[in-house]
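Raw contents of model39.cif, mmCIF, C-alpha atoms:
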data_input
#
loop_
_atom_site.label_atom_id
_atom_site.label_comp_id
_atom_site.auth_asym_id
_atom_site.auth_seq_id
_atom_site.Cartn_x
_atom_site.Cartn_y
_atom_site.Cartn_z
CA MET D 1 196.48 104.83 52.57
CA ARG D 2 193.39 103.16 53.88
CA LEU D 3 191.87 103.37 50.38
CA SER D 4 194.90 101.78 48.72
CA VAL D 5 194.86 98.92 51.23
CA ALA D 6 191.22 98.39 50.48
CA LEU D 7 191.90 98.40 46.74
CA LEU D 8 194.74 95.95 47.22
CA ALA D 9 192.50 93.67 49.23
CA LEU D 10 189.85 93.87 46.53
CA ALA D 11 192.40 93.05 43.85
CA LEU D 12 193.61 90.04 45.85
CA VAL D 13 190.06 88.82 46.29
CA ALA D 14 189.42 89.22 42.56
CA CYS D 15 192.59 87.31 41.66
CA GLY D 16 191.94 84.65 44.22
CA SER D 17 188.33 83.98 43.31
CA PRO D 18 188.48 80.61 41.60
CA LYS D 19 186.70 80.15 38.30
CA PRO D 20 183.81 77.71 38.53
CA PRO D 21 185.11 74.25 37.63
CA LEU D 22 182.49 73.67 34.93
CA VAL D 23 180.83 76.38 32.84
CA ILE D 24 178.05 75.99 30.29
CA SER D 25 177.61 78.45 27.43
CA GLU D 26 175.58 78.86 24.23
CA LEU D 27 172.85 76.63 25.63
CA GLU D 28 169.90 75.93 23.38
CA VAL D 29 167.08 73.49 23.99
CA THR D 30 164.76 72.92 21.04
CA GLN D 31 161.02 73.10 21.59
CA PRO D 32 159.37 69.73 21.02
CA ILE D 33 157.87 69.64 17.54
CA PRO D 34 154.06 69.33 17.79
CA GLY D 35 153.10 65.70 18.17
CA ARG D 36 156.58 64.77 19.39
CA ASN D 37 157.60 64.61 23.02
CA MET D 38 161.31 65.06 22.67
CA SER D 39 163.82 67.83 22.37
CA ALA D 40 167.51 68.20 21.72
CA GLY D 41 170.05 70.16 23.77
CA PHE D 42 173.09 71.94 22.38
CA PHE D 43 175.76 73.82 24.35
CA ILE D 44 179.45 74.19 25.12
CA LEU D 45 180.85 72.82 28.39
CA THR D 46 184.14 74.32 29.56
CA ASN D 47 186.29 72.67 32.21
CA ASN D 48 188.43 75.12 34.21
CA THR D 49 190.14 72.44 36.26
CA ASP D 50 193.28 70.43 35.58
CA GLU D 51 191.40 67.14 35.60
CA VAL D 52 189.09 65.64 32.99
CA ILE D 53 185.45 65.93 34.04
CA SER D 54 183.35 63.02 32.92
CA ILE D 55 179.64 63.79 32.66
CA THR D 56 177.98 60.43 33.11
CA GLY D 57 174.40 61.58 33.12
CA VAL D 58 172.01 64.49 32.76
CA ASP D 59 168.68 64.74 34.56
CA SER D 60 165.81 67.05 33.86
CA PRO D 61 162.55 67.36 35.80
CA GLN D 62 160.82 68.16 32.52
CA PHE D 63 161.85 64.92 30.79
CA THR D 64 161.62 61.28 31.90
CA ARG D 65 164.80 60.33 30.13
CA VAL D 66 167.87 62.24 29.00
CA GLU D 67 170.65 60.66 26.99
CA ILE D 68 173.93 61.87 25.58
CA HIS D 69 174.08 61.11 21.87
CA GLU D 70 176.45 61.59 19.03
CA THR D 71 175.41 61.91 15.42
CA THR D 72 178.01 61.20 12.79
CA VAL D 73 177.56 61.55 9.06
CA THR D 74 179.86 59.25 7.11
CA ASP D 75 179.59 58.62 3.38
CA GLY D 76 176.22 60.37 3.31
CA VAL D 77 174.70 58.25 6.08
CA SER D 78 173.62 59.74 9.41
CA ARG D 79 174.17 57.53 12.44
CA MET D 80 173.19 58.33 16.01
CA ARG D 81 174.68 56.49 18.98
CA GLU D 82 174.32 56.87 22.74
CA LEU D 83 177.50 57.85 24.57
CA ASP D 84 178.26 56.45 28.03
CA ALA D 85 179.75 59.73 29.12
CA LEU D 86 180.73 63.17 27.94
CA GLN D 87 184.43 63.82 28.58
CA VAL D 88 185.24 67.47 29.16
CA PRO D 89 189.03 67.80 28.79
CA ALA D 90 191.13 69.52 31.47
CA GLN D 91 191.28 73.26 30.77
CA GLY D 92 189.27 72.56 27.63
CA SER D 93 185.79 72.39 26.17
CA VAL D 94 183.41 70.00 24.54
CA VAL D 95 180.92 71.28 21.97
CA LEU D 96 177.44 69.84 21.56
CA GLU D 97 175.96 70.95 18.26
CA ARG D 98 173.63 69.95 15.46
CA GLY D 99 175.06 67.09 13.47
CA GLY D 100 177.40 66.15 16.33
CA LYS D 101 177.17 65.41 20.02
CA HIS D 102 173.89 66.48 21.61
CA LEU D 103 171.53 65.79 24.47
CA MET D 104 168.44 63.86 23.56
CA LEU D 105 165.61 64.78 25.93
CA MET D 106 162.84 62.21 25.80
CA GLN D 107 159.32 61.74 27.10
CA ALA D 108 158.65 65.36 27.89
CA GLN D 109 156.49 66.03 30.94
CA ASP D 110 154.76 69.35 31.35
CA ILE D 111 157.14 71.81 29.78
CA GLY D 112 156.46 75.38 30.71
CA ASP D 113 158.68 78.27 29.78
CA SER D 114 161.92 76.66 30.84
CA VAL D 115 163.90 73.47 31.11
CA THR D 116 166.29 72.56 33.93
CA LEU D 117 169.34 70.43 33.21
CA GLN D 118 171.33 68.81 36.02
CA PHE D 119 174.69 67.39 35.03
CA VAL D 120 176.02 64.45 37.01
CA SER D 121 179.53 63.04 37.25
CA GLY D 122 179.48 59.62 38.82
CA ASP D 123 176.93 60.15 41.59
CA ALA D 124 177.76 63.78 42.16
CA PRO D 125 175.83 66.68 40.71
CA VAL D 126 178.32 69.07 39.11
CA LEU D 127 176.20 71.69 37.38
CA SER D 128 172.60 72.80 37.20
CA VAL D 129 171.30 75.24 34.62
CA ASP D 130 167.92 76.63 33.55
CA TYR D 131 167.11 77.31 29.93
CA VAL D 132 164.27 79.72 29.22
CA PHE D 133 162.65 79.32 25.82
CA PRO D 134 162.80 82.45 23.67
CA LYS D 135 159.48 84.30 23.71
CA ASP D 136 158.94 84.24 19.93
CA ASN D 137 158.80 80.44 19.77
CA MET F 1 198.64 89.98 -47.63
CA SER F 2 197.88 93.62 -48.34
CA PRO F 3 197.71 96.11 -45.47
CA ARG F 4 193.96 96.31 -46.09
CA ASN F 5 193.53 92.56 -45.75
CA ILE F 6 195.56 92.60 -42.53
CA ILE F 7 193.20 95.19 -41.05
CA VAL F 8 190.15 93.13 -42.07
CA ALA F 9 191.70 90.00 -40.55
CA MET F 10 192.45 91.81 -37.29
CA ALA F 11 188.93 93.21 -37.12
CA LEU F 12 187.49 89.73 -37.65
CA ALA F 13 189.74 88.29 -34.94
CA ILE F 14 188.64 90.98 -32.48
CA ALA F 15 184.97 90.41 -33.31
CA LEU F 16 185.38 86.66 -32.85
CA ALA F 17 187.10 87.10 -29.47
CA ALA F 18 184.36 89.48 -28.34
CA GLY F 19 181.70 86.99 -29.44
CA VAL F 20 183.34 84.16 -27.51
CA PHE F 21 183.61 86.39 -24.44
CA VAL F 22 179.93 87.38 -24.54
CA ALA F 23 178.86 83.77 -25.08
CA ALA F 24 180.96 82.59 -22.15
CA ARG F 25 179.48 85.28 -19.90
CA ASN F 26 175.96 84.29 -20.84
CA GLN F 27 176.52 80.61 -20.17
CA ALA F 28 178.58 80.80 -16.99
CA PRO F 29 175.88 81.00 -14.27
CA VAL F 30 173.54 78.22 -15.43
CA ALA F 31 175.23 75.30 -13.72
CA PRO F 32 174.19 74.12 -10.25
CA THR F 33 177.03 74.35 -7.74
CA THR F 34 175.94 71.69 -5.24
CA ALA F 35 173.32 69.43 -6.78
CA LEU F 36 174.35 66.64 -9.08
CA ALA F 37 171.93 66.08 -11.95
CA LEU F 38 171.49 62.61 -13.39
CA PRO F 39 172.42 62.34 -17.09
CA ALA F 40 168.73 61.59 -17.69
CA PRO F 41 165.88 61.53 -15.13
CA LYS F 42 165.18 58.04 -13.84
CA PRO F 43 161.58 57.00 -13.14
CA VAL F 44 160.80 56.59 -9.44
CA PRO F 45 160.24 52.88 -8.71
CA ALA F 46 156.70 51.63 -8.17
CA PHE F 47 155.50 51.58 -4.56
CA SER F 48 152.35 51.67 -2.48
CA LEU F 49 152.45 53.84 0.64
CA LEU F 50 150.21 56.09 2.72
CA ASN F 51 150.29 59.88 2.78
CA GLN F 52 149.93 61.81 6.04
CA PHE F 53 146.14 61.63 5.74
CA GLY F 54 146.25 57.83 5.64
CA GLU F 55 145.33 57.76 1.95
CA PRO F 56 147.02 55.19 -0.29
CA VAL F 57 149.40 56.69 -2.83
CA ASP F 58 151.76 55.26 -5.42
CA GLN F 59 154.64 56.61 -7.49
CA SER F 60 152.27 58.92 -9.38
CA VAL F 61 152.17 61.10 -6.23
CA PHE F 62 155.47 62.56 -7.51
CA GLU F 63 153.90 63.74 -10.79
CA GLY F 64 152.74 67.29 -11.34
CA GLN F 65 155.25 69.29 -9.29
CA TRP F 66 158.91 69.42 -8.37
CA ASP F 67 159.61 67.55 -5.15
CA LEU F 68 162.44 67.75 -2.62
CA VAL F 69 162.53 64.35 -0.98
CA PHE F 70 164.22 63.60 2.33
CA PHE F 71 164.29 60.26 4.11
CA GLY F 72 164.14 60.46 7.89
CA PHE F 73 162.00 59.83 10.96
CA THR F 74 160.13 61.86 13.50
CA HIS F 75 162.08 60.52 16.49
CA CYS F 76 165.28 61.90 14.97
CA PRO F 77 166.18 64.90 17.11
CA ASP F 78 169.01 66.32 15.13
CA ILE F 79 169.64 65.86 11.40
CA CYS F 80 166.00 65.47 10.36
CA PRO F 81 164.50 68.66 11.80
CA ALA F 82 167.61 70.59 10.79
CA THR F 83 167.36 69.39 7.19
CA LEU F 84 163.62 70.01 6.94
CA GLN F 85 164.15 73.49 8.37
CA VAL F 86 166.80 74.18 5.71
CA LEU F 87 164.40 73.05 2.96
CA ALA F 88 161.53 75.11 4.39
CA THR F 89 163.72 78.20 4.69
CA ALA F 90 165.08 77.77 1.15
CA LYS F 91 161.54 77.50 -0.18
CA GLN F 92 160.57 80.67 1.68
CA VAL F 93 163.54 82.52 0.18
CA LEU F 94 162.49 81.39 -3.31
CA VAL F 95 159.01 82.80 -2.61
CA GLU F 96 160.52 86.11 -1.49
CA GLN F 97 162.68 86.22 -4.63
CA GLY F 98 159.54 85.95 -6.73
CA HIS F 99 160.03 82.46 -8.13
CA GLU F 100 156.84 80.84 -9.30
CA THR F 101 158.11 77.29 -9.56
CA LEU F 102 158.40 76.05 -5.98
CA PRO F 103 159.22 72.56 -4.82
CA ARG F 104 157.07 70.51 -2.49
CA ILE F 105 158.89 69.16 0.55
CA VAL F 106 158.48 65.42 1.06
CA LEU F 107 159.51 63.36 4.09
CA VAL F 108 159.60 59.62 3.55
CA SER F 109 159.69 57.82 6.89
CA VAL F 110 162.40 55.23 7.43
CA ASP F 111 160.73 54.34 10.74
CA PRO F 112 157.21 53.17 9.86
CA GLU F 113 156.86 51.34 13.20
CA ARG F 114 156.64 54.64 15.05
CA ASP F 115 155.70 57.03 12.23
CA SER F 116 151.98 56.63 11.69
CA PRO F 117 150.42 58.90 9.05
CA GLU F 118 149.03 61.07 11.85
CA ILE F 119 152.36 61.52 13.62
CA LEU F 120 154.09 62.19 10.32
CA GLY F 121 151.42 64.75 9.44
CA GLN F 122 151.86 66.71 12.66
CA TYR F 123 155.60 66.65 12.13
CA ILE F 124 155.73 67.87 8.52
CA ASP F 125 153.06 70.51 9.10
CA TYR F 126 155.48 72.13 11.53
CA PHE F 127 157.77 72.87 8.58
CA GLY F 128 155.15 74.62 6.46
CA ASP F 129 152.03 74.12 4.40
CA GLY F 130 151.72 71.75 1.48
CA ASN F 131 154.36 69.27 2.58
CA LEU F 132 153.92 65.57 1.91
CA GLY F 133 154.69 62.72 4.30
CA LEU F 134 154.92 59.11 3.20
CA THR F 135 154.91 56.04 5.42
CA GLY F 136 153.67 52.45 5.19
CA THR F 137 155.13 49.00 5.37
CA LEU F 138 158.86 48.48 5.55
CA GLU F 139 158.68 46.40 2.38
CA GLU F 140 157.05 49.17 0.35
CA ILE F 141 159.38 51.84 1.73
CA ARG F 142 162.31 49.66 0.70
CA LYS F 143 160.94 49.50 -2.86
CA LEU F 144 161.22 53.27 -3.03
CA THR F 145 164.53 53.72 -1.19
CA GLY F 146 166.19 50.76 -2.88
CA GLY F 147 165.40 52.11 -6.32
CA LEU F 148 166.76 55.54 -5.40
CA GLY F 149 169.98 54.41 -3.73
CA ILE F 150 168.87 55.47 -0.26
CA TYR F 151 170.18 53.47 2.69
CA PHE F 152 168.50 53.04 6.06
CA GLU F 153 168.82 50.52 8.87
CA LYS F 154 167.07 50.30 12.22
CA GLN F 155 169.51 50.02 15.11
CA PRO F 156 169.15 47.85 18.22
CA GLY F 157 167.26 49.36 21.14
CA ASP F 158 164.18 48.81 23.24
CA ASP F 159 160.60 49.16 22.04
CA GLU F 160 160.33 52.91 22.03
CA ASN F 161 163.94 53.87 22.11
CA TYR F 162 165.99 53.09 19.05
CA SER F 163 167.60 55.01 16.27
CA VAL F 164 167.62 54.54 12.52
CA ASP F 165 170.71 55.12 10.43
CA HIS F 166 169.78 56.77 7.17
CA SER F 167 171.12 58.54 4.10
CA THR F 168 171.07 62.31 4.43
CA ALA F 169 170.71 63.06 0.71
CA VAL F 170 167.87 65.27 -0.56
CA LEU F 171 166.56 64.07 -3.91
CA VAL F 172 164.95 66.28 -6.53
CA ILE F 173 162.11 64.62 -8.43
CA ASP F 174 160.80 66.33 -11.55
CA PRO F 175 157.12 66.87 -12.44
CA ASP F 176 157.16 63.74 -14.60
CA GLY F 177 158.02 61.69 -11.53
CA GLY F 178 161.64 61.24 -12.57
CA PHE F 179 164.56 61.23 -10.14
CA HIS F 180 166.29 64.30 -11.52
CA SER F 181 169.14 65.32 -9.20
CA VAL F 182 170.53 64.98 -5.72
CA PHE F 183 171.89 67.24 -2.99
CA SER F 184 174.43 65.46 -0.77
CA GLY F 185 176.73 66.54 2.03
CA SER F 186 175.72 69.11 4.62
CA HIS F 187 172.59 70.94 3.63
CA VAL F 188 172.81 74.71 3.47
CA VAL F 189 169.96 77.08 2.55
CA ASP F 190 172.06 79.06 0.04
CA ASN F 191 172.91 75.95 -1.94
CA PHE F 192 169.25 75.13 -2.47
CA VAL F 193 168.36 78.75 -3.23
CA HIS F 194 171.11 78.89 -5.87
CA ASP F 195 170.58 75.52 -7.52
CA LEU F 196 166.85 74.87 -7.41
CA PRO F 197 165.76 77.58 -9.89
CA ILE F 198 168.41 76.29 -12.32
CA LEU F 199 167.34 72.67 -11.88
CA MET F 200 163.65 73.57 -12.16
CA GLY F 201 164.23 75.85 -15.15
CA ASP F 202 162.90 78.94 -13.35
CA ARG F 203 165.84 81.31 -13.26
#
Final structure tokens representation of the file:
Amino acid sequence: MRLSVALLALALVACGSPKPPLVISELEVTQPIPGRNMSAGFFILTNNTDEVISITGVDSPQFTRVEIHETTVTDGVSRMRELDALQVPAQGSVVLERGGKHLMLMQAQDIGDSVTLQFVSGDAPVLSVDYVFPKDN
Amino acid sequence: MSPRNIIVAMALAIALAAGVFVAARNQAPVAPTTALALPAPKPVPAFSLLNQFGEPVDQSVFEGQWDLVFFGFTHCPDICPATLQVLATAKQVLVEQGHETLPRIVLVSVDPERDSPEILGQYIDYFGDGNLGLTGTLEEIRKLTGGLGIYFEKQPGDDENYSVDHSTAVLVIDPDGGFHSVFSGSHVVDNFVHDLPILMGDR
């Protein structure tokens, strides 16, 4: 009896544990090409809330400047534009990938083995993540 | 028609059909699937630019080997490195398949303000040995791009932070310095691996 109560309590805790509001997956930060001091960031952001989350900025201690960009290829011409914000739809995802939306990380400082990205919505930090470069690079 | 003549006619018909079938099989795989070849190669327009070593070069730099030419810039974080990586990987696959005719990879800068020969050299070396980078004055770059139907336009921004819109096509230039064919659309390694030996006559 005591065991089943404990199990029930555990199950309730598991059900009740809220998903994190914002989850990042498939993160990749490119290594700066020799002679260049910039990188690109690609990932998927998933919003588990019922409200749109608007990412208005990304900071990184390893880069002086981080911008959200979108590349479009229309009629064989590649165009890159800065976005004011990255809208992550309610209960949905936004994909940042090559040839599409991406982070442009500029003016690299001392980059060691990893890069930290801090996502900001308005003035509030909403997510912080570390990316460790693969060893073979 | 006698029964004998009917048999001869049937035999001839079968032989003809077999011949057509064999001929069709032999000809089927020679066409490129992605690249579009010009009806006749078109000479590359005259220009005067610098290679990655700062040496002056003109249109004759395209003579003597097959070239895969991409127009981009080193501050491009996305399309340019991805395309150059596709070209480098395709070339490596051709090496592994035993092809002897291999293209040189050429990056023509559409951002000469920031792409000095030295910066361009560091950049293209990252994608393998033997690559060529071309930069110079805007006017001379436009002579080359204009004659090849390549578009580019610098976009507004501050001194060090601006983008350049540019065509994503990869041009194939033959060893006589003639614009031979073009790869458009999204660039995929397999497309280059399939088409290049056909275009270069090294199947």
Which residues match the PyMOL selection byres ((chain F) within 9 of (chain D)) in the file above, as an mmCIF file with C-alpha atoms, in the frame of the given file?
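Final output, selection.cif:
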data_model
loop_
_atom_site.group_PDB
_atom_site.id
_atom_site.type_symbol
_atom_site.label_atom_id
_atom_site.label_comp_id
_atom_site.auth_asym_id
_atom_site.auth_seq_id
_atom_site.Cartn_x
_atom_site.Cartn_y
_atom_site.Cartn_z
ATOM 1 C CA THR F 74 160.130 61.860 13.500
ATOM 2 C CA HIS F 75 162.080 60.520 16.490
ATOM 3 C CA CYS F 76 165.280 61.900 14.970
ATOM 4 C CA PRO F 77 166.180 64.900 17.110
ATOM 5 C CA ASP F 78 169.010 66.320 15.130
ATOM 6 C CA ILE F 79 169.640 65.860 11.400
ATOM 7 C CA PRO F 81 164.500 68.660 11.800
ATOM 8 C CA ALA F 82 167.610 70.590 10.790
ATOM 9 C CA GLU F 118 149.030 61.070 11.850
ATOM 10 C CA ILE F 119 152.360 61.520 13.620
ATOM 11 C CA LEU F 120 154.090 62.190 10.320
ATOM 12 C CA GLY F 121 151.420 64.750 9.440
ATOM 13 C CA GLN F 122 151.860 66.710 12.660
ATOM 14 C CA TYR F 123 155.600 66.650 12.130
ATOM 15 C CA ASP F 125 153.060 70.510 9.100
ATOM 16 C CA TYR F 126 155.480 72.130 11.530
ATOM 17 C CA TYR F 151 170.180 53.470 2.690
ATOM 18 C CA PHE F 152 168.500 53.040 6.060
ATOM 19 C CA SER F 163 167.600 55.010 16.270
ATOM 20 C CA VAL F 164 167.620 54.540 12.520
ATOM 21 C CA ASP F 165 170.710 55.120 10.430
ATOM 22 C CA HIS F 166 169.780 56.770 7.170
ATOM 23 C CA SER F 167 171.120 58.540 4.100
ATOM 24 C CA THR F 168 171.070 62.310 4.430
ATOM 25 C CA ALA F 169 170.710 63.060 0.710
ATOM 26 C CA SER F 184 174.430 65.460 -0.770
ATOM 27 C CA GLY F 185 176.730 66.540 2.030
ATOM 28 C CA SER F 186 175.720 69.110 4.620
#
Original post:
Written as a ChimeraX atom specification, what is the full residue list that the PyMOL selection byres ((chain F and resi 69) around 9) yields on the file shown?
Top reply: /F:67-68,70-71,104-108,169-173
Subject >> Resolved residues for the PyMOL selection byres ((chain F and resi 100) around 12) as a list of chain:residue names >> reply: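 The output of the PyMOL selection byres ((chain F and resi 100) around 12) on this file is F:Gln65, F:Trp66, F:Lys91, F:Gln92, F:Val93, F:Leu94, F:Val95, F:Glu96, F:Gln97, F:Gly98, F:His99, F:Thr101, F:Leu102, F:Pro103, F:Leu196, F:Pro197, F:Met200, F:Gly201, F:Asp202, F:Arg203.
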**OP:** For Val126 of chain D, list every protein, DNA or RNA residue within 9 Å, evaluated using only C-alpha atoms, and leave out those in the same chain fewer than 3 positions away; present the list as a list in words.
**Re:**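 Contacts, with the query itself left out: Pro21, Leu22, Ile55, Gln118, Phe119, Val120 and Ser121 of chain D.
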Subject >> Which residue of D:Ala90, D:Leu83, D:Ser114, D:Val23 approaches Asp50 of chain D most closely, using all atoms listed in the file >> reply: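 Between D:Ala90, D:Leu83, D:Ser114, D:Val23, the residue approaching Asp50 of chain D most closely is D:Ala90.
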Subject >> Atom pair atom CA of Ile53 of chain D / atom CA of Ser25 of chain D: separation (Å) >> reply: 16.2 Å
Could you rebuild segment 62-89 of chain D with N, CA and C atoms and give it back as a PDB file, keeping the file's coordinate frame?
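Result file follows (part_39.pdb):
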ATOM      1  N   GLN D  62     161.816  68.027  33.589  1.00  0.00           N
ATOM      2  CA  GLN D  62     160.820  68.160  32.520  1.00  0.00           C
ATOM      3  C   GLN D  62     160.809  66.966  31.552  1.00  0.00           C
ATOM      4  N   PHE D  63     161.785  66.072  31.704  1.00  0.00           N
ATOM      5  CA  PHE D  63     161.850  64.920  30.790  1.00  0.00           C
ATOM      6  C   PHE D  63     162.107  63.647  31.593  1.00  0.00           C
ATOM      7  N   THR D  64     161.445  62.548  31.196  1.00  0.00           N
ATOM      8  CA  THR D  64     161.620  61.280  31.900  1.00  0.00           C
ATOM      9  C   THR D  64     163.021  60.732  31.669  1.00  0.00           C
ATOM     10  N   ARG D  65     163.537  60.972  30.481  1.00  0.00           N
ATOM     11  CA  ARG D  65     164.800  60.330  30.130  1.00  0.00           C
ATOM     12  C   ARG D  65     165.667  61.313  29.344  1.00  0.00           C
ATOM     13  N   VAL D  66     166.924  61.394  29.727  1.00  0.00           N
ATOM     14  CA  VAL D  66     167.870  62.240  29.000  1.00  0.00           C
ATOM     15  C   VAL D  66     169.102  61.402  28.656  1.00  0.00           C
ATOM     16  N   GLU D  67     169.471  61.424  27.404  1.00  0.00           N
ATOM     17  CA  GLU D  67     170.650  60.660  26.990  1.00  0.00           C
ATOM     18  C   GLU D  67     171.622  61.564  26.253  1.00  0.00           C
ATOM     19  N   ILE D  68     172.891  61.158  26.320  1.00  0.00           N
ATOM     20  CA  ILE D  68     173.930  61.870  25.580  1.00  0.00           C
ATOM     21  C   ILE D  68     174.156  61.096  24.281  1.00  0.00           C
ATOM     22  N   HIS D  69     173.972  61.780  23.172  1.00  0.00           N
ATOM     23  CA  HIS D  69     174.080  61.110  21.870  1.00  0.00           C
ATOM     24  C   HIS D  69     175.133  61.768  21.004  1.00  0.00           C
ATOM     25  N   GLU D  70     175.575  61.007  20.041  1.00  0.00           N
ATOM     26  CA  GLU D  70     176.450  61.590  19.030  1.00  0.00           C
ATOM     27  C   GLU D  70     175.966  61.170  17.656  1.00  0.00           C
ATOM     28  N   THR D  71     175.746  62.174  16.810  1.00  0.00           N
ATOM     29  CA  THR D  71     175.410  61.910  15.420  1.00  0.00           C
ATOM     30  C   THR D  71     176.694  62.039  14.601  1.00  0.00           C
ATOM     31  N   THR D  72     176.908  61.076  13.747  1.00  0.00           N
ATOM     32  CA  THR D  72     178.010  61.200  12.790  1.00  0.00           C
ATOM     33  C   THR D  72     177.429  61.019  11.396  1.00  0.00           C
ATOM     34  N   VAL D  73     177.968  61.738  10.447  1.00  0.00           N
ATOM     35  CA  VAL D  73     177.560  61.550   9.060  1.00  0.00           C
ATOM     36  C   VAL D  73     178.782  61.077   8.297  1.00  0.00           C
ATOM     37  N   THR D  74     178.738  59.835   7.850  1.00  0.00           N
ATOM     38  CA  THR D  74     179.860  59.250   7.110  1.00  0.00           C
ATOM     39  C   THR D  74     179.328  58.711   5.793  1.00  0.00           C
ATOM     40  N   ASP D  75     179.988  59.077   4.716  1.00  0.00           N
ATOM     41  CA  ASP D  75     179.590  58.620   3.380  1.00  0.00           C
ATOM     42  C   ASP D  75     178.098  58.863   3.138  1.00  0.00           C
ATOM     43  N   GLY D  76     177.609  60.010   3.593  1.00  0.00           N
ATOM     44  CA  GLY D  76     176.220  60.370   3.310  1.00  0.00           C
ATOM     45  C   GLY D  76     175.198  59.666   4.170  1.00  0.00           C
ATOM     46  N   VAL D  77     175.656  58.942   5.204  1.00  0.00           N
ATOM     47  CA  VAL D  77     174.700  58.250   6.080  1.00  0.00           C
ATOM     48  C   VAL D  77     174.828  58.807   7.499  1.00  0.00           C
ATOM     49  N   SER D  78     173.675  59.212   8.047  1.00  0.00           N
ATOM     50  CA  SER D  78     173.620  59.740   9.410  1.00  0.00           C
ATOM     51  C   SER D  78     173.434  58.593  10.392  1.00  0.00           C
ATOM     52  N   ARG D  79     174.291  58.559  11.398  1.00  0.00           N
ATOM     53  CA  ARG D  79     174.170  57.530  12.440  1.00  0.00           C
ATOM     54  C   ARG D  79     174.157  58.223  13.790  1.00  0.00           C
ATOM     55  N   MET D  80     173.265  57.745  14.681  1.00  0.00           N
ATOM     56  CA  MET D  80     173.190  58.330  16.010  1.00  0.00           C
ATOM     57  C   MET D  80     173.441  57.228  17.034  1.00  0.00           C
ATOM     58  N   ARG D  81     174.356  57.496  17.974  1.00  0.00           N
ATOM     59  CA  ARG D  81     174.680  56.490  18.980  1.00  0.00           C
ATOM     60  C   ARG D  81     174.665  57.149  20.359  1.00  0.00           C
ATOM     61  N   GLU D  82     174.266  56.357  21.375  1.00  0.00           N
ATOM     62  CA  GLU D  82     174.320  56.870  22.740  1.00  0.00           C
ATOM     63  C   GLU D  82     175.753  56.793  23.248  1.00  0.00           C
ATOM     64  N   LEU D  83     176.173  57.841  23.949  1.00  0.00           N
ATOM     65  CA  LEU D  83     177.500  57.850  24.570  1.00  0.00           C
ATOM     66  C   LEU D  83     177.338  57.513  26.054  1.00  0.00           C
ATOM     67  N   ASP D  84     178.298  56.773  26.607  1.00  0.00           N
ATOM     68  CA  ASP D  84     178.260  56.450  28.030  1.00  0.00           C
ATOM     69  C   ASP D  84     178.530  57.680  28.884  1.00  0.00           C
ATOM     70  N   ALA D  85     179.369  58.544  28.357  1.00  0.00           N
ATOM     71  CA  ALA D  85     179.750  59.730  29.120  1.00  0.00           C
ATOM     72  C   ALA D  85     180.240  60.815  28.167  1.00  0.00           C
ATOM     73  N   LEU D  86     180.228  62.022  28.691  1.00  0.00           N
ATOM     74  CA  LEU D  86     180.730  63.170  27.940  1.00  0.00           C
ATOM     75  C   LEU D  86     182.016  63.608  28.629  1.00  0.00           C
ATOM     76  N   GLN D  87     183.139  63.474  27.958  1.00  0.00           N
ATOM     77  CA  GLN D  87     184.430  63.820  28.580  1.00  0.00           C
ATOM     78  C   GLN D  87     184.740  65.284  28.282  1.00  0.00           C
ATOM     79  N   VAL D  88     184.873  66.063  29.341  1.00  0.00           N
ATOM     80  CA  VAL D  88     185.240  67.470  29.160  1.00  0.00           C
ATOM     81  C   VAL D  88     186.727  67.578  29.512  1.00  0.00           C
ATOM     82  N   PRO D  89     187.588  67.843  28.528  1.00  0.00           N
ATOM     83  CA  PRO D  89     189.030  67.800  28.790  1.00  0.00           C
ATOM     84  C   PRO D  89     189.473  68.854  29.798  1.00  0.00           C
TER      85      PRO D  89
END
